[in-house]
Structure formats: C-alpha cells, structure tokens
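Visitor: Let me give you the structure first, and then I'll get to my questions.
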Amino acid sequence: MIAPEFLAVSDWERHALVADLRGSFTGYGNTFPPPSDGTINSAPVNVDRPDFTGHVDGRLDVSRDTRLLGEVRLRVATDNPGSPNIQAGLAKYPIYTTLGGTFGFDQNFNRLQISGGATVDRTDYQWSKLTDGTSTSNDDRNFTQYGGVGRVSYDLTPASNRS
C-alpha cells in the first residue's frame with residue numbers, strides 16, 4: 001500500500017486557500033484465477049484498489065463584511081469488497097469518480113451573520129470488465145446530487161477587552 005498526502009494552507013492577511021489531497025493504492029501483487037469448473041466467481045480476479053480524496057477550499061474577502069466561499073472536491077475509488085453492488089464475474093473493481101463543488105457567501109450585518117451556499121456533486125462509474133472478456137455498463141449507478149446550505153447566527157455577547 002502506498003498512501004501519499006499533501007496539505008497546503010495559505011497564511012495571508014486577507015483571503016484564504018486550503019488544498020488537502022490524500023490518496024492511496026492497495027496492490028496485492030497477484031490475481032486470483034477464475035474457478036476451473038466454469039462457475040462465476042463472486043470476487044474479482046484482480047482486487048487492487050485506488051482511493052483518492054481531495055478538496056481545494058477558497059475564501060475571497062470582498063469587503064470587511066462580505067466573503068465569497070468556494071470548494072472543489074474530487075473522489076476516485078472503488079466499491080468496498082463485500083458491497084452488495086459488486087457484480088459476480090468481475091475482472092477488477094470498477095472505478096467511480098465523484099466531482100463536485102460548493103459555492104457560497106458569508107455576510108455580516110453588525111452582530112448578525114447570514115451564510116448561504118449551493119452544492120453539486122456528480123458521480124460516474126466506469127464500465128465493469130468481466131472475466132469472460134466482455135464489459136457491462138454501470139450507467140444506472142451514475143447520479144448528480146444538488147444541495148443547499150443556509151445559516152443565520154447572532155452574537156449575543158460580543159467579545160470585550162478585559163484586562
């Protein structure tokens with residue numbers, strides 16, 4: 001298994017940027033032969049698995065009271081072994097990719113803060129390669145997910161300078 005990670009955080013007086021990238025690859029170095037009696041194996045012949053999760057977050061300080069927020073994220077992985085979604089007769093686990101983003105704002109009105117944002121994520125599965133040399137589509141598993149986030153907060157006891 002190899003598992004590199006990368007984290008970068010800005011140190012700016014205004015604005016902000018964070019990049020957090022983590023990946024791994026689990027390789028077993030060999031394959032499992034298909035059953036010799038012609039039956040279909042429930043486990044893939046090749047069980048190597050990539051896994052990557054990464055996101056880049058940013059904040060743009062438009063003014064003292066207004067900030068624009070954004071995030072781009074990516075996930076590349078396979079189904080977990082034992083998942084009920086695993087097909088019988090696979091040569092290897094199909095890889096899926098989820099790409100998404102969140103875009104929003106923070107606005108201060110004295111001690112009142114209003115935040116809002118929208119999210120969208122798209123997940124696509126690659127075709128499954130089977131041990132008999134054919135491929136089958138996973139298009140029925142692809143989906144797009146939309147969401148929204150909102151928050152209103154009020155500072156009841158503002159910070160005071162006590163000595």
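For the structure tokens, the naming scheme is as follows: chains receive sequential letters (A, B, ...) according to their order of presentation, residues are indexed from 1 within each chain, and ligands are indexed from 1 in presentation order.
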So that I can see what lies close to segment 16-32 of chain A, please list as a ChimeraX atom specification the residues with an atom at most 10 Å from it, counting only C-alpha atoms and leaving out residues fewer than 3 positions away in the same chain.
Guide: /A:1-13,35,41,43-61,69-77,91-92
Visitor: Closest to Phe109 of chain A among A:Thr134, A:Asn142, A:Ser153, A:Thr39, using only C-alpha atoms?
Guide: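 For Phe109 of chain A, the nearest of the candidates is A:Ser153.
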Visitor: Would you kindly return, as a list in words, each protein, DNA or RNA residue with an atom no farther than 8 Å from any atom of Thr144 of chain A, considering only C-alpha atoms and excluding same-chain residues fewer than 4 positions away?
Guide: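 Surrounding residues, per the criterion: Val120, Asp121, Arg122 and Thr123 of chain A.
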Visitor: To one decimal place, how far is atom CA of Ile40 of chain A from atom CA of Ser135 of chain A in Å?
Guide: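 Interatomic distance here is 14.9 Å.
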Visitor: Could you check how far atom CA of Asp106 of chain A sits from atom CA of Leu156 of chain A, in Å to one decimal?
Guide: 18.3 Å
Visitor: Out of A:Gln126, A:Gln87, A:Thr136, A:Gln107, which residue has the shortest atom-to-atom distance to Arg151 of chain A when counting only C-alpha atoms?
Guide: A:Gln107
